[in-house]
Amino acid sequence: MSIIIFGFHYDLDDYGFVKIFFYITKVTNENGPHQIVEGSHNRFQLFRFFNRRLLPSQVEKRYKQSIVTMLGDAGEGFIEDTFCYHSETQANKVRLIFQIQYSISDKKWNN
């Protein structure tokens with residue numbers, strides 16, 4: 001099993017957003033694959049409200065059976081609602097990833 005270095009968490013970038021990821025390099029268990037807790041974005045839980053980041057013991061107790069590791073070849077990708085719990089694992093080799101974020105809000109950015 002890979003070592004989790006950033007821990008499972010969920011993002012609060014905006015209301016109604018998704019991220020699209022494309023692997024630039026092949027991603028195996030050796031170069032820090034992305035992991036998600038499948039279905040953890042679908043239901044509101046009081047636990048989630050108070051636990052944006054999870055301790056390893058919380059992951060083991062609540063979500064171990066729902067963790068999906070996103071492996072893939074260069075050029076492969078996936079779409080993710082990062083309001084679900086997600087993490088990456090420790091990399092022993094280089095991993096390059098391209099990310100696009102889409103949001104439904106019409107924020108105006110002032111420079």
# chains A, B, ... in the order shown; residues from 1 in each chain; ligands from 1
>>> residues_around(residues="segment 77-81 of chain A", least_positions_apart="6", cutoff="10 Å", atoms="only C-alpha atoms", output="compact mmCIF listing (two decimals) with N, CA, C and O atoms, in the first residue's frame")
# COMPACT_ATOMS: atom_id res chain seq x y z
N TYR A 10 -11.52 17.37 1.15
CA TYR A 10 -12.36 17.78 0.02
C TYR A 10 -12.12 19.26 -0.23
O TYR A 10 -11.72 20.01 0.66
N ASP A 11 -12.36 19.68 -1.48
CA ASP A 11 -12.11 21.07 -1.89
C ASP A 11 -13.38 21.89 -1.77
O ASP A 11 -14.49 21.38 -1.94
N GLY A 16 -20.77 24.15 -7.11
CA GLY A 16 -20.97 23.54 -8.41
C GLY A 16 -19.76 23.60 -9.32
O GLY A 16 -19.74 24.36 -10.28
N PHE A 17 -18.76 22.83 -9.04
CA PHE A 17 -17.57 22.80 -9.88
C PHE A 17 -17.09 21.36 -10.04
O PHE A 17 -17.41 20.50 -9.23
N VAL A 18 -16.39 21.12 -11.12
CA VAL A 18 -15.74 19.83 -11.35
C VAL A 18 -14.34 20.09 -11.88
O VAL A 18 -14.06 21.18 -12.40
N LYS A 19 -13.49 19.12 -11.74
CA LYS A 19 -12.13 19.22 -12.26
C LYS A 19 -11.89 18.07 -13.23
O LYS A 19 -12.37 16.96 -13.01
N ILE A 20 -11.17 18.37 -14.29
CA ILE A 20 -10.81 17.37 -15.29
C ILE A 20 -9.30 17.19 -15.21
O ILE A 20 -8.56 18.18 -15.26
N PHE A 21 -8.87 15.96 -15.05
CA PHE A 21 -7.46 15.66 -14.93
C PHE A 21 -7.01 14.80 -16.11
O PHE A 21 -7.71 13.86 -16.50
N PHE A 22 -5.84 15.12 -16.66
CA PHE A 22 -5.21 14.28 -17.69
C PHE A 22 -3.80 13.96 -17.22
O PHE A 22 -3.05 14.86 -16.84
N TYR A 23 -3.45 12.69 -17.26
CA TYR A 23 -2.10 12.29 -16.91
C TYR A 23 -1.18 12.58 -18.10
O TYR A 23 -1.42 12.13 -19.21
N ILE A 24 -0.12 13.31 -17.85
CA ILE A 24 0.88 13.62 -18.86
C ILE A 24 1.90 12.49 -18.92
O ILE A 24 2.44 12.18 -19.98
N ILE A 36 -9.61 8.59 -4.65
CA ILE A 36 -10.87 9.20 -4.25
C ILE A 36 -11.65 8.23 -3.37
O ILE A 36 -11.45 7.02 -3.43
N GLY A 39 -18.27 8.13 -4.00
CA GLY A 39 -19.58 8.45 -3.45
C GLY A 39 -19.58 9.39 -2.27
O GLY A 39 -20.64 9.75 -1.77
N SER A 40 -18.43 9.84 -1.80
CA SER A 40 -18.40 10.67 -0.60
C SER A 40 -18.91 12.09 -0.84
O SER A 40 -19.11 12.84 0.10
N HIS A 41 -19.15 12.48 -2.09
CA HIS A 41 -19.69 13.80 -2.39
C HIS A 41 -21.21 13.79 -2.48
O HIS A 41 -21.83 14.85 -2.55
N ASN A 42 -21.83 12.64 -2.46
CA ASN A 42 -23.26 12.52 -2.71
C ASN A 42 -24.16 12.80 -1.53
O ASN A 42 -25.34 13.03 -1.70
N MET A 70 -6.65 5.99 -8.91
CA MET A 70 -6.75 6.38 -10.31
C MET A 70 -5.40 6.18 -11.01
O MET A 70 -4.56 7.08 -11.03
N LEU A 71 -5.20 5.00 -11.57
CA LEU A 71 -4.00 4.69 -12.35
C LEU A 71 -4.31 4.94 -13.81
O LEU A 71 -5.47 4.91 -14.23
N ILE A 97 0.59 15.92 -14.27
CA ILE A 97 -0.85 15.91 -14.47
C ILE A 97 -1.29 17.29 -14.93
O ILE A 97 -0.76 18.31 -14.49
N PHE A 98 -2.24 17.32 -15.85
CA PHE A 98 -2.81 18.56 -16.36
C PHE A 98 -4.22 18.65 -15.80
O PHE A 98 -4.99 17.68 -15.87
N GLN A 99 -4.58 19.81 -15.24
CA GLN A 99 -5.88 19.96 -14.59
C GLN A 99 -6.64 21.13 -15.20
O GLN A 99 -6.08 22.20 -15.41
N ILE A 100 -7.93 20.92 -15.46
CA ILE A 100 -8.84 21.96 -15.90
C ILE A 100 -9.97 22.01 -14.88
O ILE A 100 -10.48 20.97 -14.46
N GLN A 101 -10.36 23.21 -14.49
CA GLN A 101 -11.46 23.35 -13.54
C GLN A 101 -12.62 24.08 -14.21
O GLN A 101 -12.42 25.09 -14.88
>>> select_by_dssp(residues="segment 9-88 of chain A", states="helix (DSSP H, G or I)", output="PyMOL selection string")
chain A and resi 46-50+56-66
>>> closest_residue(among="A:Gly32, A:Lys26, A:Leu12, A:Gln65", to="Ala91 of chain A", atoms="only C-alpha atoms")
A:Gly32
>>> atom_distance(atom1="atom CA of Asn31 of chain A", atom2="atom CA of Thr89 of chain A")
8.0 Å
>>> closest_residue(among="A:Arg52, A:Arg95, A:Glu60, A:Thr82", to="His9 of chain A", atoms="only C-alpha atoms")
A:Arg52
>>> residues_around(residues="Lys64 of chain A", least_positions_apart="2", cutoff="12 Å", atoms="only C-alpha atoms", output="VMD selection string")
chain A and resid 8 35 to 38 40 56 to 62 66 to 69 85
>>> write_last_selection(atoms="C-alpha atoms", output="short mmCIF file (atom, residue, chain, number, x, y, z; two decimals), in the first residue's frame")
data_model
loop_
_atom_site.label_atom_id
_atom_site.label_comp_id
_atom_site.auth_asym_id
_atom_site.auth_seq_id
_atom_site.Cartn_x
_atom_site.Cartn_y
_atom_site.Cartn_z
CA PHE A 8 -7.85 12.80 2.39
CA GLN A 35 -7.20 8.47 -4.85
CA ILE A 36 -10.87 9.20 -4.25
CA VAL A 37 -13.46 7.99 -1.78
CA GLU A 38 -16.16 6.92 -4.19
CA SER A 40 -18.40 10.67 -0.60
CA PRO A 56 -5.66 7.99 8.61
CA SER A 57 -7.68 6.26 11.36
CA GLN A 58 -10.90 7.93 10.11
CA VAL A 59 -10.22 6.76 6.56
CA GLU A 60 -9.59 3.22 7.79
CA LYS A 61 -12.77 3.17 9.90
CA ARG A 62 -15.26 4.89 7.59
CA SER A 66 -14.71 2.91 -1.02
CA ILE A 67 -11.20 4.09 -1.97
CA VAL A 68 -10.49 4.07 -5.71
CA THR A 69 -6.93 4.54 -6.99
CA TYR A 85 -12.75 13.11 -0.23
#
>>> select_by_dssp(residues="chain A", states="strand (DSSP E or B)", output="ChimeraX atom specification")
/A:4,9,17-23,27,31,34-37,53,67-70,72,77-80,86-89,91,97-103
